[in-house]
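Okay, input_29.txt is below, compact mmCIF, C-alpha atoms and all ligand atoms:
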```txt
# COMPACT_ATOMS: atom_id res chain seq x y z
CA MET A 1 13.17 -23.09 -30.89
CA THR A 2 10.50 -21.40 -28.78
CA SER A 3 10.36 -24.32 -26.39
CA PHE A 4 13.05 -22.74 -24.20
CA ILE A 5 10.74 -19.84 -23.37
CA PRO A 6 7.15 -20.59 -22.29
CA ASN A 7 4.46 -19.34 -24.68
CA ASP A 8 2.77 -17.15 -22.09
CA LYS A 9 6.10 -15.35 -21.68
CA ILE A 10 6.33 -14.82 -25.44
CA SER A 11 2.88 -13.21 -25.45
CA GLU A 12 3.78 -11.10 -22.46
CA ILE A 13 6.90 -9.85 -24.26
CA LYS A 14 4.92 -9.22 -27.45
CA ASN A 15 2.34 -7.18 -25.55
CA SER A 16 4.90 -5.12 -23.65
CA ALA A 17 7.43 -4.42 -26.40
CA ASP A 18 6.96 -1.33 -28.54
CA LEU A 19 8.39 -1.74 -32.04
CA VAL A 20 8.80 2.02 -32.57
CA ASP A 21 10.77 2.18 -29.35
CA VAL A 22 13.00 -0.76 -30.30
CA VAL A 23 13.60 0.40 -33.89
CA SER A 24 14.34 3.95 -32.69
CA GLU A 25 17.44 2.70 -30.93
CA VAL A 26 19.08 2.16 -34.31
CA VAL A 27 17.02 4.05 -36.88
CA LEU A 28 16.01 7.69 -36.86
CA LEU A 29 12.24 7.55 -37.38
CA LYS A 30 10.02 10.41 -38.47
CA LYS A 31 6.27 10.36 -38.01
CA THR A 32 4.33 10.45 -41.29
CA GLY A 33 0.59 10.10 -40.78
CA LYS A 34 -0.17 6.91 -38.90
CA ASN A 35 3.25 5.38 -39.53
CA TYR A 36 6.91 6.10 -38.96
CA LEU A 37 9.47 6.34 -41.74
CA GLY A 38 13.26 5.99 -41.73
CA LEU A 39 16.34 4.77 -43.59
CA CYS A 40 16.39 0.98 -43.82
CA PRO A 41 19.09 -0.59 -41.62
CA PHE A 42 19.11 -3.69 -43.85
CA HIS A 43 20.04 -2.22 -47.21
CA SER A 44 21.82 0.89 -48.50
CA GLU A 45 19.53 3.75 -49.39
CA LYS A 46 19.37 7.52 -49.48
CA THR A 47 15.61 8.06 -49.40
CA PRO A 48 13.70 6.42 -46.55
CA SER A 49 11.60 3.41 -47.50
CA PHE A 50 11.54 1.68 -44.13
CA THR A 51 8.14 1.99 -42.42
CA VAL A 52 6.97 1.05 -38.96
CA SER A 53 3.32 0.75 -38.04
CA PRO A 54 2.81 1.37 -34.31
CA GLU A 55 -0.79 0.22 -34.62
CA LYS A 56 0.00 -3.15 -36.20
CA GLN A 57 3.43 -3.43 -34.51
CA ILE A 58 5.09 -4.47 -37.78
CA PHE A 59 7.80 -3.03 -40.02
CA TYR A 60 8.21 -3.19 -43.77
CA CYS A 61 10.87 -1.92 -46.18
CA PHE A 62 9.66 -1.00 -49.66
CA GLY A 63 13.26 -1.07 -50.86
CA CYS A 64 14.43 -4.55 -49.90
CA GLY A 65 11.24 -6.24 -48.74
CA ALA A 66 12.44 -6.85 -45.19
CA GLY A 67 9.53 -6.95 -42.79
CA GLY A 68 8.06 -8.52 -39.68
CA THR A 69 7.51 -8.12 -35.98
CA VAL A 70 9.62 -6.78 -33.16
CA PHE A 71 11.19 -10.24 -32.83
CA SER A 72 12.19 -10.51 -36.48
CA PHE A 73 13.54 -6.95 -36.38
CA LEU A 74 15.93 -7.77 -33.55
CA MET A 75 16.90 -11.13 -35.06
CA LYS A 76 17.82 -9.48 -38.35
CA GLN A 77 19.38 -6.35 -36.87
CA GLU A 78 21.58 -8.11 -34.33
CA GLY A 79 21.96 -11.43 -36.13
CA ILE A 80 20.55 -13.38 -33.19
CA SER A 81 18.12 -16.29 -32.77
CA PHE A 82 14.46 -16.01 -31.80
CA PRO A 83 15.01 -17.02 -28.16
CA ASP A 84 17.86 -14.52 -27.87
CA ALA A 85 15.69 -11.75 -29.33
CA ALA A 86 12.88 -12.65 -26.93
CA ARG A 87 15.27 -12.68 -24.01
CA SER A 88 16.78 -9.34 -24.93
CA LEU A 89 13.29 -7.80 -25.11
CA ALA A 90 12.34 -9.44 -21.82
CA ARG A 91 15.34 -7.77 -20.19
CA LYS A 92 14.48 -4.41 -21.73
CA TYR A 93 10.89 -4.53 -20.50
CA GLY A 94 11.62 -6.11 -17.13
CA ILE A 95 9.94 -9.45 -17.83
CA GLU A 96 11.43 -12.39 -15.99
CA ILE A 97 11.97 -15.62 -17.89
CA PRO A 98 12.48 -18.73 -15.76
CA ILE A 99 16.01 -19.89 -16.49
CA THR A 100 15.06 -23.60 -16.27
CA HIS A 101 13.63 -23.37 -19.77
CA LEU A 102 17.06 -22.85 -21.31
CA SER A 103 19.33 -25.54 -22.64
CA SER A 104 22.51 -25.93 -20.64
CA GLU A 105 24.63 -24.53 -23.49
CA GLN A 106 22.38 -21.44 -23.75
CA LYS A 107 22.50 -20.97 -20.00
CA ARG A 108 26.27 -21.13 -20.12
CA LEU A 109 26.55 -18.50 -22.88
CA ILE A 110 24.09 -16.07 -21.31
CA THR A 111 25.65 -16.42 -17.91
CA GLU A 112 29.11 -15.96 -19.38
CA ARG A 113 28.11 -12.74 -21.17
CA GLU A 114 26.48 -11.34 -18.08
CA ASN A 115 29.43 -12.36 -15.93
CA LEU A 116 31.94 -10.69 -18.25
CA LEU A 117 29.91 -7.48 -18.21
CA SER A 118 29.74 -7.50 -14.44
CA VAL A 119 33.49 -8.11 -14.15
CA ASN A 120 34.08 -5.13 -16.46
CA LYS A 121 31.75 -2.98 -14.40
CA GLU A 122 33.51 -3.93 -11.19
CA ALA A 123 36.90 -3.18 -12.80
CA MET A 124 35.65 0.24 -13.91
CA THR A 125 34.62 1.03 -10.34
CA PHE A 126 38.04 -0.10 -9.12
CA PHE A 127 39.88 2.10 -11.66
CA CYS A 128 37.69 5.14 -10.89
CA GLN A 129 38.13 4.74 -7.12
CA THR A 130 41.88 4.37 -7.58
CA LEU A 131 42.02 7.57 -9.61
CA LEU A 132 39.94 9.63 -7.22
CA LYS A 133 40.63 8.21 -3.78
CA SER A 134 44.11 6.65 -3.66
CA SER A 135 47.48 8.33 -3.30
CA GLU A 136 48.74 6.50 -6.43
CA GLY A 137 45.88 8.09 -8.35
CA LYS A 138 47.23 11.60 -7.80
CA SER A 139 49.81 11.54 -10.59
CA ALA A 140 47.22 10.14 -13.00
CA LYS A 141 44.72 12.83 -12.01
CA ALA A 142 47.41 15.47 -12.49
CA TYR A 143 48.17 14.01 -15.91
CA LEU A 144 44.51 14.19 -16.99
CA LEU A 145 44.24 17.78 -15.77
CA SER A 146 47.45 18.63 -17.64
CA ARG A 147 45.70 17.35 -20.76
CA ARG A 148 43.12 20.02 -19.90
CA LEU A 149 40.26 17.65 -19.13
CA THR A 150 37.79 18.96 -16.57
CA GLU A 151 36.59 17.05 -13.50
CA LYS A 152 33.22 16.82 -15.22
CA THR A 153 34.66 15.15 -18.32
CA ILE A 154 36.64 12.71 -16.16
CA ASP A 155 33.45 11.92 -14.27
CA ASP A 156 31.13 11.79 -17.31
CA PHE A 157 33.39 9.30 -19.09
CA HIS A 158 34.25 7.32 -15.93
CA ILE A 159 37.95 7.67 -16.61
CA GLY A 160 40.06 5.76 -14.09
CA TYR A 161 43.59 4.72 -13.23
CA ALA A 162 45.24 1.30 -13.21
CA PRO A 163 48.03 1.56 -10.63
CA LEU A 164 51.68 0.65 -11.04
CA GLY A 165 52.31 -2.96 -10.03
CA TRP A 166 51.38 -6.41 -11.27
CA GLU A 167 48.56 -7.70 -9.10
CA HIS A 168 46.29 -4.86 -7.94
CA LEU A 169 43.31 -5.95 -10.00
CA VAL A 170 44.11 -9.64 -9.52
CA ASN A 171 43.98 -9.13 -5.74
CA HIS A 172 40.88 -6.95 -5.93
CA PHE A 173 38.91 -9.66 -7.75
CA SER A 174 40.27 -12.36 -5.49
CA LYS A 175 38.97 -10.37 -2.48
CA LYS A 176 35.61 -10.12 -4.26
CA LYS A 177 35.66 -13.92 -4.69
CA MET A 178 35.42 -13.65 -8.46
CA PRO A 179 37.03 -16.68 -10.16
CA ALA A 180 40.30 -15.68 -11.86
CA ASN A 181 39.58 -17.76 -14.97
CA LEU A 182 36.40 -15.71 -15.49
CA VAL A 183 38.21 -12.40 -15.02
CA GLU A 184 40.86 -13.62 -17.46
CA LYS A 185 38.19 -13.92 -20.17
CA THR A 186 37.69 -10.13 -20.08
CA GLY A 187 41.38 -9.70 -20.88
CA LEU A 188 41.85 -7.57 -17.76
CA ILE A 189 44.26 -10.09 -16.26
CA LEU A 190 46.58 -12.56 -17.97
CA LEU A 191 47.95 -15.95 -17.05
CA LYS A 192 51.66 -15.89 -16.14
CA LYS A 193 53.58 -18.05 -18.56
CA SER A 194 56.16 -19.44 -16.16
CA ARG A 195 55.05 -19.67 -12.54
CA GLY A 196 51.28 -19.91 -12.72
CA GLY A 197 48.99 -17.25 -11.28
CA TYR A 198 47.80 -14.07 -13.00
CA TYR A 199 48.94 -10.47 -13.59
CA ASP A 200 47.19 -7.20 -14.51
CA ARG A 201 47.06 -6.16 -18.18
CA PHE A 202 46.70 -2.44 -17.45
CA ARG A 203 49.51 -1.09 -15.27
CA ASN A 204 50.28 2.55 -14.53
CA ARG A 205 47.83 3.76 -17.16
CA VAL A 206 44.84 6.05 -17.25
CA VAL A 207 41.94 3.85 -18.26
CA PHE A 208 38.98 4.68 -20.51
CA PRO A 209 36.00 2.31 -20.19
CA ILE A 210 34.26 1.56 -23.49
CA PHE A 211 30.47 1.27 -23.35
CA ASN A 212 27.90 -0.32 -25.64
CA LEU A 213 24.61 1.38 -26.47
CA ASN A 214 23.02 -0.18 -23.37
CA GLN A 215 25.57 1.63 -21.16
CA GLN A 216 27.33 -1.64 -20.30
CA VAL A 217 31.14 -1.68 -20.07
CA ILE A 218 32.42 -3.94 -22.85
CA GLY A 219 36.15 -3.18 -22.77
CA PHE A 220 38.88 -0.71 -21.84
CA GLY A 221 41.57 1.44 -23.37
CA GLY A 222 44.61 2.52 -21.39
CA ARG A 223 47.24 5.19 -21.94
CA VAL A 224 50.62 5.56 -20.26
CA LEU A 225 51.34 8.74 -18.29
CA ASP A 226 54.74 9.30 -19.91
CA ASP A 227 56.51 8.30 -23.11
CA ALA A 228 56.60 4.57 -22.33
CA LEU A 229 55.52 2.14 -25.04
CA PRO A 230 53.04 1.00 -26.13
CA LYS A 231 51.42 4.39 -25.67
CA TYR A 232 47.91 2.91 -25.96
CA LEU A 233 46.65 -0.52 -25.01
CA ASN A 234 43.13 -1.87 -25.54
CA SER A 235 41.24 -4.85 -24.15
CA PRO A 236 41.44 -7.84 -26.51
CA GLU A 237 38.37 -9.04 -28.41
CA THR A 238 36.06 -10.97 -26.06
CA PRO A 239 32.53 -12.41 -26.30
CA VAL A 240 31.27 -8.93 -25.30
CA PHE A 241 33.85 -6.74 -27.10
CA ASN A 242 34.10 -6.60 -30.88
CA LYS A 243 36.29 -3.69 -31.99
CA SER A 244 35.03 -3.55 -35.54
CA ARG A 245 31.50 -3.01 -34.21
CA SER A 246 32.27 -0.80 -31.21
CA LEU A 247 32.89 2.94 -31.14
CA TYR A 248 34.23 4.87 -28.19
CA GLY A 249 31.78 7.50 -26.97
CA LEU A 250 28.76 6.42 -29.06
CA ASN A 251 26.73 5.87 -25.89
CA ARG A 252 27.11 9.57 -25.07
CA ALA A 253 27.07 10.82 -28.67
CA LYS A 254 23.96 9.12 -30.00
CA LYS A 255 21.40 11.66 -28.82
CA ARG A 256 23.25 14.63 -30.32
CA CYS A 257 24.00 12.58 -33.47
CA ARG A 258 20.27 12.04 -34.01
CA GLU A 259 19.44 15.69 -33.40
CA SER A 260 22.15 17.04 -35.71
CA ASP A 261 22.09 14.22 -38.30
CA THR A 262 25.89 14.54 -38.24
CA VAL A 263 28.75 12.58 -36.70
CA PHE A 264 32.43 13.42 -36.28
CA ILE A 265 34.73 10.42 -36.28
CA VAL A 266 38.13 10.81 -34.65
CA GLU A 267 40.93 8.36 -33.98
CA GLY A 268 41.82 8.83 -30.32
CA TYR A 269 40.40 8.96 -26.82
CA PHE A 270 41.74 12.44 -26.09
CA ASP A 271 40.50 13.78 -29.43
CA LEU A 272 37.02 12.54 -28.61
CA LEU A 273 37.14 13.98 -25.10
CA ALA A 274 38.32 17.36 -26.42
CA LEU A 275 35.40 17.57 -28.85
CA HIS A 276 32.85 16.54 -26.23
CA GLN A 277 34.28 18.98 -23.72
CA HIS A 278 33.93 21.75 -26.31
CA GLY A 279 30.26 20.95 -26.76
CA ILE A 280 30.68 18.95 -29.97
CA GLU A 281 29.05 15.87 -28.50
CA ASN A 282 28.15 14.15 -31.77
CA THR A 283 31.63 12.61 -31.86
CA VAL A 284 32.80 9.01 -31.72
CA ALA A 285 36.26 7.42 -31.90
CA THR A 286 37.45 4.21 -33.52
CA LEU A 287 39.41 1.81 -31.35
CA GLY A 288 42.63 1.33 -33.26
CA THR A 289 40.97 -0.76 -35.96
CA GLY A 290 40.23 2.01 -38.43
CA LEU A 291 36.72 2.58 -39.64
CA THR A 292 34.83 -0.56 -40.72
CA LYS A 293 31.70 -1.29 -42.72
CA GLU A 294 30.04 -2.36 -39.45
CA HIS A 295 30.83 1.02 -37.85
CA ILE A 296 29.22 2.84 -40.74
CA ARG A 297 26.14 0.62 -40.70
CA LEU A 298 25.80 1.23 -36.97
CA LEU A 299 26.15 5.01 -37.35
CA LYS A 300 23.74 5.11 -40.29
CA GLY A 301 21.04 4.34 -37.76
CA PHE A 302 21.70 7.76 -36.24
CA VAL A 303 23.06 10.11 -38.91
CA SER A 304 23.40 10.66 -42.63
CA LYS A 305 26.37 13.07 -42.58
CA PHE A 306 29.82 11.78 -41.71
CA TYR A 307 32.94 13.86 -41.00
CA LEU A 308 36.24 12.03 -40.65
CA VAL A 309 38.70 14.15 -38.71
CA TYR A 310 42.46 13.73 -39.24
CA ASP A 311 45.54 15.49 -38.00
CA SER A 312 47.46 15.72 -41.27
CA ASP A 313 47.08 15.50 -45.03
CA ASP A 314 48.99 12.24 -45.05
CA SER A 315 46.85 10.44 -42.49
CA GLY A 316 43.73 11.89 -44.15
CA ILE A 317 44.85 10.61 -47.55
CA LYS A 318 45.69 7.14 -46.23
CA ALA A 319 42.35 6.83 -44.45
CA ALA A 320 40.39 8.27 -47.38
CA GLN A 321 41.94 5.74 -49.74
CA ARG A 322 41.03 2.94 -47.37
CA VAL A 323 37.39 3.88 -46.72
CA ILE A 324 36.45 5.16 -50.16
CA GLU A 325 34.74 1.94 -51.26
CA ILE A 326 33.11 1.25 -47.87
CA PHE A 327 31.36 4.61 -47.95
CA ARG A 328 30.38 4.26 -51.58
CA ALA A 329 28.95 0.77 -51.03
CA GLU A 330 26.93 2.05 -48.08
CA GLU A 331 25.81 5.08 -50.12
CA VAL A 332 26.87 7.44 -47.40
CA ASP A 333 28.33 10.91 -47.86
CA ALA A 334 31.55 11.40 -45.98
CA ARG A 335 33.78 14.42 -45.76
CA ILE A 336 37.41 14.55 -44.75
CA VAL A 337 38.41 17.18 -42.21
CA VAL A 338 42.13 17.90 -42.07
CA LEU A 339 43.35 20.24 -39.36
CA PRO A 340 46.11 22.82 -39.91
CA ALA A 341 49.64 21.40 -39.87
CA GLY A 342 50.98 20.39 -36.49
CA HIS A 343 47.56 19.99 -34.87
CA ASP A 344 45.43 17.05 -33.84
CA PRO A 345 41.78 17.61 -32.86
CA ASP A 346 42.79 17.69 -29.20
CA SER A 347 45.43 20.42 -29.54
CA TYR A 348 43.44 22.38 -32.11
CA LEU A 349 40.31 22.65 -29.97
CA PHE A 350 42.18 23.68 -26.85
CA ASN A 351 44.30 26.24 -28.72
CA SER A 352 41.80 27.67 -31.19
CA GLY A 353 38.37 26.79 -29.80
CA SER A 354 35.27 25.19 -31.24
CA GLU A 355 34.41 28.05 -33.59
CA ALA A 356 37.74 27.73 -35.41
CA PHE A 357 37.21 23.97 -35.52
CA MET A 358 33.76 24.32 -37.08
CA ASP A 359 35.26 26.74 -39.58
CA VAL A 360 37.69 24.04 -40.75
CA VAL A 361 34.79 21.58 -40.84
CA SER A 362 32.76 23.88 -43.09
CA LYS A 363 35.53 23.68 -45.70
CA ALA A 364 35.80 19.89 -45.63
CA LEU A 365 35.65 18.08 -48.98
CA GLY A 366 34.08 14.76 -49.96
CA ILE A 367 36.42 11.78 -50.19
CA ILE A 368 37.20 11.92 -53.93
CA PRO A 369 37.43 15.72 -54.19
CA PHE A 370 39.70 15.59 -51.13
CA LEU A 371 41.98 13.03 -52.78
CA ILE A 372 42.04 15.04 -56.01
CA GLU A 373 42.87 18.33 -54.25
CA SER A 374 45.52 16.67 -52.06
CA ALA A 375 47.19 15.21 -55.15
CA VAL A 376 47.06 18.57 -56.96
CA LYS A 377 48.53 20.31 -53.92
CA LYS A 378 51.30 17.74 -53.69
CA HIS A 379 52.29 17.45 -57.35
CA GLY A 380 51.18 20.69 -59.01
CA LEU A 381 49.73 20.92 -62.52
CA SER A 382 52.88 20.63 -64.63
CA VAL A 383 52.96 17.76 -67.13
CA GLU A 384 54.93 15.60 -64.67
CA GLY A 385 52.58 16.69 -61.89
CA LYS A 386 49.52 15.57 -63.82
CA ILE A 387 51.06 12.19 -64.51
CA ARG A 388 51.79 11.73 -60.81
CA ILE A 389 48.28 12.87 -59.87
CA ILE A 390 46.72 10.21 -62.08
CA SER A 391 49.13 7.64 -60.75
CA ASP A 392 48.18 8.57 -57.13
CA LEU A 393 44.47 8.38 -57.86
CA LYS A 394 44.24 5.31 -60.04
CA GLY A 395 44.58 2.91 -57.07
CA PRO A 396 41.69 4.36 -55.04
CA LEU A 397 39.55 4.68 -58.19
CA ALA A 398 40.13 1.05 -59.09
CA LEU A 399 38.68 0.12 -55.68
CA ILE A 400 35.30 1.54 -56.65
CA ASN A 401 33.20 -1.37 -57.87
CA ASP A 402 30.32 0.70 -59.19
CA ARG A 403 31.07 1.61 -62.83
CA ILE A 404 28.85 4.66 -62.96
CA ALA A 405 30.31 6.12 -59.78
CA ARG A 406 33.78 5.44 -61.10
CA SER A 407 33.18 7.12 -64.43
CA LEU A 408 31.69 10.18 -62.71
CA TYR A 409 34.82 10.51 -60.58
CA ILE A 410 37.05 10.08 -63.61
CA GLN A 411 35.12 12.88 -65.27
CA LYS A 412 35.79 15.10 -62.25
CA ILE A 413 39.51 14.38 -62.30
CA SER A 414 39.78 15.01 -66.00
CA GLU A 415 38.01 18.37 -65.60
CA ARG A 416 40.13 19.39 -62.63
CA ILE A 417 43.52 18.66 -64.18
CA GLY A 418 42.66 19.14 -67.84
CA VAL A 419 43.50 15.66 -69.08
CA ASP A 420 41.33 13.77 -71.53
CA GLU A 421 38.83 11.44 -69.78
CA ALA A 422 39.72 8.48 -71.99
CA ALA A 423 43.37 8.80 -71.01
CA VAL A 424 42.54 8.81 -67.28
CA LEU A 425 40.24 5.83 -67.74
CA GLU A 426 42.95 3.90 -69.53
CA LYS A 427 45.34 4.43 -66.60
CA VAL A 428 42.72 3.24 -64.10
CA ARG A 429 42.01 0.14 -66.21
CA GLU A 430 45.69 -0.78 -66.07
CA THR A 431 45.29 -1.13 -62.30
CA SER A 432 42.01 -3.00 -62.04
ZN ZN A 501 15.42 -2.20 -46.82
```
As structure tokens, what does this structure read like?
Amino acid sequence: MTSFIPNDKISEIKNSADLVDVVSEVVLLKKTGKNYLGLCPFHSEKTPSFTVSPEKQIFYCFGCGAGGTVFSFLMKQEGISFPDAARSLARKYGIEIPITHLSSEQKRLITERENLLSVNKEAMTFFCQTLLKSSEGKSAKAYLLSRRLTEKTIDDFHIGYAPLGWEHLVNHFSKKKMPANLVEKTGLILLKKSRGGYYDRFRNRVVFPIFNLNQQVIGFGGRVLDDALPKYLNSPETPVFNKSRSLYGLNRAKKRCRESDTVFIVEGYFDLLALHQHGIENTVATLGTGLTKEHIRLLKGFVSKFYLVYDSDDSGIKAAQRVIEIFRAEEVDARIVVLPAGHDPDSYLFNSGSEAFMDVVSKALGIIPFLIESAVKKHGLSVEGKIRIISDLKGPLALINDRIARSLYIQKISERIGVDEAAVLEKVRETS
């Protein structure tokens, strides 16, 4: 496999790359004596057993036995081959690898990835320029200001505008001599079904570029300026954009996440922007997929405390039921933040401020206690109420694979509502 990259290049990469530096991009490392210690990114754990030796340039996990060099770390962490790991390090440390050593298929894939990223970057510039410099951009700018975003937020997040019309971006790329079939692969333009030619996906929308951790634009989200439908539209999945692994705002949130060991997860672009603008920068947003196992694994590299922020009891309950087993399997503590009725994070922050928001956060419950309290609030503690509470909770409880965890939760429910543990357990068994 190494034949694609000359051996002297491999040694050069090995000598330049710093394992602590590379691992630190995904794992929070603390110095302990000669070594660094952190939570293993390869298995679920609560106490750190993942060590990195800067002297020997190797890592080892006492929990799962994973270990190796900077190359094996990247291969395992990103699920890539040795040559890809070497190439990614070469890029990071500015080492040039002669492209003639690649197979033609590898050349094609690398070039395609890089091309897609550069198309996205060019599109972002186009959208930003249109927002700031064109007459069509004025209404979009006014809309963003009416949502109380500042010029700084608009600038920091490179928010842009895709103008009304069908071929603005198509024409822009054609002027830039970028092949339309390449641009099509980013999902920014689509092939017309009937007459041939292409048209723009994002039309008359404010556009939010989505970045990866390397600050490259991997996709876009767009929102209409009025009540037209669909309200939100995202780029489709592409070779550079995987929604279940990408989080909006993580590129700007990661530093503050590390420092605070805490992340807030919201559901929308404007919610995220409102939190950031109010100084709560350790916030990320999911991209219409809901929270996935991959998101949590990614975030675990930065934080150990998760807050999921929802705008109502109902959406909080639905989400909590869905993620309960993901969080348990990853052994991560998550709390559910539900804002006062009628508010989403965006409206709440602008109306009540960050102090009031943090006050709500301080009262947030863990997933199971949240589900229990929501059910109690909804049904009350009459005999019928208790029956309904158990019936609401048995589904989510049945999703928990770990028997000990499940029996501990059942104990909690039985204490809270005063029903015999065995009776609750029996109900849950009926479901599983
Ligand atoms: Zn491990």
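Here CA of Ser139 in chain A stands at a distance of 29.1 Å from CA of Asn212 in chain A.
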Find the spatial neighbours of Thr262 in chain A, counting only C-alpha atoms, within a cut-off of 7 Å - ignore same-chain residues fewer than 3 positions away - and output them as a ChimeraX atom specification. /A:257,282,303-306
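Shortest separation to Arg328 in chain A among A:Pro340, A:Gly33, A:Pro396, A:Pro345 occurs at residue A:Pro396, atoms counted being only C-alpha atoms.
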Within 7 Å of ligand ZN 501 (chain A), which residues of chain A show up? Give each one with its shortest atom-to-atom distance in Å (one decimal) and the two atoms involved, counting all atoms listed in the file, rows by chain then rising residue number, as a tab-separated table.
```
residue	atom	partner	partner_atom	distance
A:Cys40	CA	A:ZN501	ZN	4.5
A:Pro41	CA	A:ZN501	ZN	6.6
A:Phe42	CA	A:ZN501	ZN	5.0
A:His43	CA	A:ZN501	ZN	4.6
A:Ser49	CA	A:ZN501	ZN	6.8
A:Phe50	CA	A:ZN501	ZN	6.1
A:Cys61	CA	A:ZN501	ZN	4.6
A:Phe62	CA	A:ZN501	ZN	6.5
A:Gly63	CA	A:ZN501	ZN	4.7
A:Cys64	CA	A:ZN501	ZN	4.0
A:Gly65	CA	A:ZN501	ZN	6.1
A:Ala66	CA	A:ZN501	ZN	5.8
```
Computed interatomic separation between CA of Thr186 in chain A and CA of Leu299 in chain A (Å): 25.7 Å
Gly222 in chain A proximity check over A:Ile413, A:Met124, A:Ala142, A:Leu425, using all atoms listed in the file: winner is A:Met124
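For Thr153 in chain A, the residues within 12 Å (counting all atoms listed in the file, excluding itself and residues fewer than 6 positions away along the chain) are Leu144, Leu145, Arg147, Ile159, Gly160, Phe208, Gly249, Arg252, Tyr269, Phe270, Leu272, Leu273, Ala274, Leu275, His276, Gln277, His278, Gly279 and Glu281 of chain A.
Compared by their closest atoms to Val70 in chain A, and using only C-alpha atoms, the residues A:Val22, A:Leu116, A:Val428, A:Ile110 rank with A:Val22 nearest.
Nearest to Glu355 in chain A of all the residues A:Leu131, A:Ile154, A:Ile280, A:Ala162 is A:Ile280, based on all atoms listed in the file.
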Which residue gives the smallest distance to Leu365 in chain A among A:Arg201, A:Lys138, A:Lys193, A:Arg335, with only C-alpha atoms counted? A:Arg335
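The residue that comes closest to Lys107 in chain A, out of A:Pro230, A:Pro83, A:Ala90, A:Glu184 and on the basis of only C-alpha atoms, is A:Pro83.
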Rounded to one decimal place, report the CA of Ile58 in chain A-CA of Ala86 in chain A distance in Å. 15.7 Å
Determine, counting all atoms listed in the file, which protein, DNA and RNA residues have an atom within 7 Å of an atom of Val266 in chain A; residues of the same chain fewer than 4 positions away are not included. Present the result as a CSV table (one decimal) with C-alpha atoms, in the frame of the given file.
```
chain,number,residue,atom,x,y,z
A,271,ASP,CA,40.5,13.8,-29.4
A,272,LEU,CA,37.0,12.5,-28.6
A,284,VAL,CA,32.8,9.0,-31.7
A,285,ALA,CA,36.3,7.4,-31.9
A,286,THR,CA,37.4,4.2,-33.5
A,308,LEU,CA,36.2,12.0,-40.6
A,309,VAL,CA,38.7,14.2,-38.7
A,310,TYR,CA,42.5,13.7,-39.2
```
Would you mind listing what lies within 10 Å of range 17-19 of chain A as a ChimeraX atom specification, with all atoms listed in the file counted and same-chain residues fewer than 5 positions away left out? /A:11-12,24,52-59,69-71,73-74,86,89-90,92-93
Based on the selection just made, write C-alpha atoms of those residues as a PDB file, keeping the file's coordinate frame.
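New file selection36.pdb:
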```
ATOM      1  CA  SER A  11       2.880 -13.210 -25.450  1.00  0.00           C
ATOM      2  CA  GLU A  12       3.780 -11.100 -22.460  1.00  0.00           C
ATOM      3  CA  SER A  24      14.340   3.950 -32.690  1.00  0.00           C
ATOM      4  CA  VAL A  52       6.970   1.050 -38.960  1.00  0.00           C
ATOM      5  CA  SER A  53       3.320   0.750 -38.040  1.00  0.00           C
ATOM      6  CA  PRO A  54       2.810   1.370 -34.310  1.00  0.00           C
ATOM      7  CA  GLU A  55      -0.790   0.220 -34.620  1.00  0.00           C
ATOM      8  CA  LYS A  56       0.000  -3.150 -36.200  1.00  0.00           C
ATOM      9  CA  GLN A  57       3.430  -3.430 -34.510  1.00  0.00           C
ATOM     10  CA  ILE A  58       5.090  -4.470 -37.780  1.00  0.00           C
ATOM     11  CA  PHE A  59       7.800  -3.030 -40.020  1.00  0.00           C
ATOM     12  CA  THR A  69       7.510  -8.120 -35.980  1.00  0.00           C
ATOM     13  CA  VAL A  70       9.620  -6.780 -33.160  1.00  0.00           C
ATOM     14  CA  PHE A  71      11.190 -10.240 -32.830  1.00  0.00           C
ATOM     15  CA  PHE A  73      13.540  -6.950 -36.380  1.00  0.00           C
ATOM     16  CA  LEU A  74      15.930  -7.770 -33.550  1.00  0.00           C
ATOM     17  CA  ALA A  86      12.880 -12.650 -26.930  1.00  0.00           C
ATOM     18  CA  LEU A  89      13.290  -7.800 -25.110  1.00  0.00           C
ATOM     19  CA  ALA A  90      12.340  -9.440 -21.820  1.00  0.00           C
ATOM     20  CA  LYS A  92      14.480  -4.410 -21.730  1.00  0.00           C
ATOM     21  CA  TYR A  93      10.890  -4.530 -20.500  1.00  0.00           C
TER      22      TYR A  93
END
```
Might you pull out every residue within 10 Å of Ile390 in chain A, with all atoms listed in the file counted and same-chain residues fewer than 6 positions away left off, and present them as a PyMOL selection string? chain A and resi 372+375-376+397+410+413-414+417+419+423-425+427-428
Please output range 338-342 of chain A, rebuilt to include N, CA and C atoms, as a PDB file, in the frame of the given file.
```
ATOM      1  N   VAL A 338      40.711  17.929 -42.419  1.00  0.00           N
ATOM      2  CA  VAL A 338      42.130  17.900 -42.070  1.00  0.00           C
ATOM      3  C   VAL A 338      42.483  19.191 -41.352  1.00  0.00           C
ATOM      4  N   LEU A 339      43.040  19.063 -40.168  1.00  0.00           N
ATOM      5  CA  LEU A 339      43.350  20.240 -39.360  1.00  0.00           C
ATOM      6  C   LEU A 339      44.670  20.858 -39.811  1.00  0.00           C
ATOM      7  N   PRO A 340      44.868  22.149 -39.520  1.00  0.00           N
ATOM      8  CA  PRO A 340      46.110  22.820 -39.910  1.00  0.00           C
ATOM      9  C   PRO A 340      47.336  22.061 -39.396  1.00  0.00           C
ATOM     10  N   ALA A 341      48.413  22.160 -40.160  1.00  0.00           N
ATOM     11  CA  ALA A 341      49.640  21.400 -39.870  1.00  0.00           C
ATOM     12  C   ALA A 341      50.043  21.510 -38.407  1.00  0.00           C
ATOM     13  N   GLY A 342      50.469  20.400 -37.850  1.00  0.00           N
ATOM     14  CA  GLY A 342      50.980  20.390 -36.490  1.00  0.00           C
ATOM     15  C   GLY A 342      49.902  20.220 -35.426  1.00  0.00           C
TER      16      GLY A 342
END
```
